[in-house]
>>> print(open('coords-v2.pdb').read())   # PDB, C-alpha atoms, pLDDT in the B column
ATOM      1  CA  MET W   1      22.072  -9.941 -36.165  1.00 52.00           C
ATOM      2  CA  THR W   2      23.083 -10.313 -32.528  1.00 55.00           C
ATOM      3  CA  SER W   3      21.720 -12.975 -30.275  1.00 56.00           C
ATOM      4  CA  SER W   4      19.981 -12.019 -27.051  1.00 57.00           C
ATOM      5  CA  CYS W   5      20.159 -14.042 -23.862  1.00 62.00           C
ATOM      6  CA  CYS W   6      16.538 -13.124 -23.155  1.00 58.00           C
ATOM      7  CA  GLY W   7      13.782 -14.676 -25.187  1.00 53.00           C
ATOM      8  CA  PRO W   8      11.023 -12.514 -26.620  1.00 56.00           C
ATOM      9  CA  GLN W   9       7.908 -11.954 -24.557  1.00 52.00           C
ATOM     10  CA  THR W  10       4.683 -13.064 -26.097  1.00 51.00           C
ATOM     11  CA  ALA W  11       1.465 -11.047 -25.985  1.00 48.00           C
ATOM     12  CA  ASP W  12      -0.111 -13.550 -23.618  1.00 48.00           C
ATOM     13  CA  SER W  13       2.664 -13.221 -21.029  1.00 47.00           C
ATOM     14  CA  PRO W  14       1.568 -12.317 -17.474  1.00 49.00           C
ATOM     15  CA  SER W  15       3.081  -8.835 -17.703  1.00 47.00           C
ATOM     16  CA  ALA W  16       0.720  -8.008 -20.584  1.00 48.00           C
ATOM     17  CA  ALA W  17      -2.230  -8.103 -18.130  1.00 70.00           C
ATOM     18  CA  ILE W  18      -0.715  -5.551 -15.740  1.00 82.00           C
ATOM     19  CA  ASP W  19      -2.368  -2.156 -15.456  1.00 89.00           C
ATOM     20  CA  ALA W  20       0.811  -0.076 -15.498  1.00 92.00           C
ATOM     21  CA  GLU W  21      -0.792   3.072 -14.087  1.00 94.00           C
ATOM     22  CA  ASP W  22      -2.379   1.174 -11.211  1.00 94.00           C
ATOM     23  CA  LEU W  23       0.847  -0.649 -10.422  1.00 94.00           C
ATOM     24  CA  ALA W  24       2.814   2.603 -10.530  1.00 95.00           C
ATOM     25  CA  ALA W  25       0.357   4.265  -8.117  1.00 95.00           C
ATOM     26  CA  LEU W  26       0.553   1.328  -5.710  1.00 95.00           C
ATOM     27  CA  CYS W  27       4.339   1.249  -5.868  1.00 95.00           C
ATOM     28  CA  LYS W  28       4.462   4.978  -5.250  1.00 96.00           C
ATOM     29  CA  ALA W  29       2.217   4.514  -2.206  1.00 96.00           C
ATOM     30  CA  ILE W  30       4.550   1.941  -0.672  1.00 95.00           C
ATOM     31  CA  GLY W  31       7.648   3.708  -1.991  1.00 96.00           C
ATOM     32  CA  HIS W  32       8.092   5.781   1.149  1.00 97.00           C
ATOM     33  CA  PRO W  33       9.564   4.038   4.208  1.00 96.00           C
ATOM     34  CA  ALA W  34       6.957   5.510   6.567  1.00 96.00           C
ATOM     35  CA  ARG W  35       4.044   4.278   4.446  1.00 96.00           C
ATOM     36  CA  LEU W  36       5.633   0.876   4.105  1.00 95.00           C
ATOM     37  CA  GLN W  37       6.044   0.647   7.878  1.00 95.00           C
ATOM     38  CA  LEU W  38       2.439   1.697   8.453  1.00 95.00           C
ATOM     39  CA  LEU W  39       1.188  -0.895   5.972  1.00 95.00           C
ATOM     40  CA  ARG W  40       3.342  -3.626   7.505  1.00 94.00           C
ATOM     41  CA  HIS W  41       2.093  -2.682  10.973  1.00 94.00           C
ATOM     42  CA  LEU W  42      -1.520  -3.011   9.837  1.00 93.00           C
ATOM     43  CA  ILE W  43      -0.788  -6.327   8.118  1.00 93.00           C
ATOM     44  CA  ALA W  44       0.781  -7.665  11.318  1.00 94.00           C
ATOM     45  CA  HIS W  45      -1.814  -6.304  13.759  1.00 91.00           C
ATOM     46  CA  GLY W  46      -5.081  -6.427  11.854  1.00 87.00           C
ATOM     47  CA  ASP W  47      -6.838  -3.160  12.560  1.00 86.00           C
ATOM     48  CA  CYS W  48      -5.603  -0.126  14.414  1.00 85.00           C
ATOM     49  CA  TYR W  49      -6.921   3.220  15.598  1.00 86.00           C
ATOM     50  CA  PHE W  50      -5.135   6.325  14.350  1.00 85.00           C
ATOM     51  CA  GLY W  51      -3.719   7.114  17.785  1.00 82.00           C
ATOM     52  CA  SER W  52      -1.972   3.746  17.805  1.00 85.00           C
ATOM     53  CA  LEU W  53      -0.639   4.342  14.301  1.00 84.00           C
ATOM     54  CA  ALA W  54       0.868   7.590  15.518  1.00 82.00           C
ATOM     55  CA  ASP W  55       2.904   5.513  17.980  1.00 85.00           C
ATOM     56  CA  VAL W  56       4.374   3.341  15.202  1.00 87.00           C
ATOM     57  CA  LEU W  57       6.652   6.036  13.831  1.00 91.00           C
ATOM     58  CA  PRO W  58       8.502   8.954  15.407  1.00 91.00           C
ATOM     59  CA  LEU W  59       6.661  11.463  13.203  1.00 93.00           C
ATOM     60  CA  ALA W  60       4.171  14.225  13.857  1.00 92.00           C
ATOM     61  CA  PRO W  61       0.542  13.068  13.764  1.00 90.00           C
ATOM     62  CA  SER W  62      -0.106  15.397  10.822  1.00 92.00           C
ATOM     63  CA  THR W  63       2.684  13.717   8.849  1.00 94.00           C
ATOM     64  CA  ILE W  64       1.349  10.261   9.660  1.00 93.00           C
ATOM     65  CA  SER W  65      -2.116  11.443   8.650  1.00 92.00           C
ATOM     66  CA  LYS W  66      -0.772  12.444   5.234  1.00 95.00           C
ATOM     67  CA  HIS W  67       0.886   9.038   4.782  1.00 96.00           C
ATOM     68  CA  VAL W  68      -2.335   7.282   5.822  1.00 94.00           C
ATOM     69  CA  SER W  69      -4.265   9.388   3.302  1.00 95.00           C
ATOM     70  CA  ILE W  70      -1.956   8.285   0.486  1.00 96.00           C
ATOM     71  CA  LEU W  71      -2.395   4.623   1.436  1.00 96.00           C
ATOM     72  CA  LYS W  72      -6.168   5.142   1.544  1.00 96.00           C
ATOM     73  CA  GLU W  73      -6.231   6.877  -1.856  1.00 96.00           C
ATOM     74  CA  THR W  74      -4.697   3.805  -3.482  1.00 96.00           C
ATOM     75  CA  GLY W  75      -7.092   1.510  -1.636  1.00 96.00           C
ATOM     76  CA  LEU W  76      -4.382  -0.379   0.243  1.00 96.00           C
ATOM     77  CA  ILE W  77      -5.998   0.524   3.555  1.00 95.00           C
ATOM     78  CA  GLU W  78      -9.521   1.395   4.597  1.00 94.00           C
ATOM     79  CA  GLY W  79     -10.805   3.440   7.495  1.00 90.00           C
ATOM     80  CA  SER W  80     -14.047   3.286   9.417  1.00 87.00           C
ATOM     81  CA  SER W  81     -15.165   6.004  11.803  1.00 83.00           C
ATOM     82  CA  ASP W  82     -16.195   5.534  15.357  1.00 77.00           C
ATOM     83  CA  VAL W  83     -17.762   8.439  17.245  1.00 78.00           C
ATOM     84  CA  GLN W  84     -14.403  10.142  17.787  1.00 82.00           C
ATOM     85  CA  ARG W  85     -11.841   7.744  16.335  1.00 86.00           C
ATOM     86  CA  VAL W  86     -10.973   6.192  12.994  1.00 88.00           C
ATOM     87  CA  CYS W  87     -10.004   2.548  12.775  1.00 91.00           C
ATOM     88  CA  TYR W  88      -7.769   1.512   9.855  1.00 92.00           C
ATOM     89  CA  CYS W  89      -7.210  -1.897   8.339  1.00 93.00           C
ATOM     90  CA  VAL W  90      -5.610  -3.401   5.241  1.00 95.00           C
ATOM     91  CA  ASN W  91      -7.808  -3.967   2.196  1.00 95.00           C
ATOM     92  CA  PRO W  92      -6.896  -7.626   1.545  1.00 95.00           C
ATOM     93  CA  ALA W  93      -8.206  -7.637  -2.040  1.00 95.00           C
ATOM     94  CA  ARG W  94      -6.155  -4.598  -2.988  1.00 95.00           C
ATOM     95  CA  LEU W  95      -3.034  -5.976  -1.301  1.00 95.00           C
ATOM     96  CA  ALA W  96      -3.521  -9.270  -3.152  1.00 94.00           C
ATOM     97  CA  ARG W  97      -3.818  -7.334  -6.418  1.00 93.00           C
ATOM     98  CA  LEU W  98      -0.540  -5.534  -5.722  1.00 94.00           C
ATOM     99  CA  LYS W  99       1.187  -8.833  -4.963  1.00 93.00           C
ATOM    100  CA  ALA W 100      -0.216 -10.412  -8.128  1.00 92.00           C
ATOM    101  CA  MET W 101       0.920  -7.536 -10.318  1.00 92.00           C
ATOM    102  CA  ILE W 102       4.402  -7.557  -8.834  1.00 91.00           C
ATOM    103  CA  GLY W 103       4.551 -11.322  -9.192  1.00 90.00           C
ATOM    104  CA  ALA W 104       3.617 -11.028 -12.863  1.00 84.00           C
ATOM    105  CA  LEU W 105       6.511  -8.722 -13.689  1.00 81.00           C
TER     106      LEU W 105
END
>>> encode(input="coords-v2.pdb", output="structure tokens")
Amino acid sequence: MTSSCCGPQTADSPSAAIDAEDLAALCKAIGHPARLQLLRHLIAHGDCYFGSLADVLPLAPSTISKHVSILKETGLIEGSSDVQRVCYCVNPARLARLKAMIGAL
């Protein structure tokens, strides 16, 4: 029998508590450079109206809208409507969950 340099993982290891599907969805959401930049912008600036988000990247507003939708679907960001504008912000609980799952890998 060969010896492994890695010890066996026990059932009570941190990675056992990870929801693999949820983690995969979150990683997919931040797996595109544009979405990652949008998320980092919101983390750095707090909240932001869509028009300001459109200035973050040199992309068409419709493309940015699609990226924002993907971030919203995973719960990483939230949006609240004004009369004619939508303000977006990071969902701190969801971001903390992502960090915890990645940290438990």
>>> atom_distance(input="coords-v2.pdb", atom1="CA of Glu21 in chain W", atom2="CA of Cys87 in chain W")
28.4 Å
>>> residues_around(input="coords-v2.pdb", residues="range 70-80 of chain W", least_positions_apart="4", cutoff="7 Å", atoms="only C-alpha atoms", output="list in words")
Ala25, Leu26, Ala29, Lys66, Val86, Cys87, Tyr88, Cys89, Val90, Asn91, Arg94 and Leu95 of chain W
>>> atom_distance(input="coords-v2.pdb", atom1="CA of Pro33 in chain W", atom2="CA of Pro61 in chain W")
15.9 Å
>>> closest_residue(input="coords-v2.pdb", among="W:Leu39, W:Leu23, W:Leu53, W:Val83", to="Arg97 in chain W", atoms="only C-alpha atoms")
W:Leu23
>>> closest_residue(input="coords-v2.pdb", among="W:Cys27, W:Ala100, W:Ala34, W:Ala93", to="Leu59 in chain W", atoms="all atoms listed in the file")
W:Ala34
>>> atom_distance(input="coords-v2.pdb", atom1="CA of Ala60 in chain W", atom2="CA of Lys28 in chain W")
21.2 Å
>>> axis_aligned_box(input="coords-v2.pdb", around="range 53-67 of chain W", padding_each_side="8 Å", output="AutoDock Vina command-line options")
--center_x 3.2 --center_y 9.4 --center_z 11.4 --size_x 26.6 --size_y 28.1 --size_z 29.2
>>> closest_residue(input="coords-v2.pdb", among="W:Ala104, W:Ala96, W:Leu57, W:Arg85", to="Leu36 in chain W", atoms="only C-alpha atoms")
W:Leu57
>>> closest_residue(input="coords-v2.pdb", among="W:His67, W:Gln84, W:Gly103, W:Tyr49", to="Gly31 in chain W", atoms="only C-alpha atoms")
W:His67
>>> closest_residue(input="coords-v2.pdb", among="W:Ile43, W:Ile18, W:Cys48, W:Leu38", to="Ser69 in chain W", atoms="only C-alpha atoms")
W:Leu38
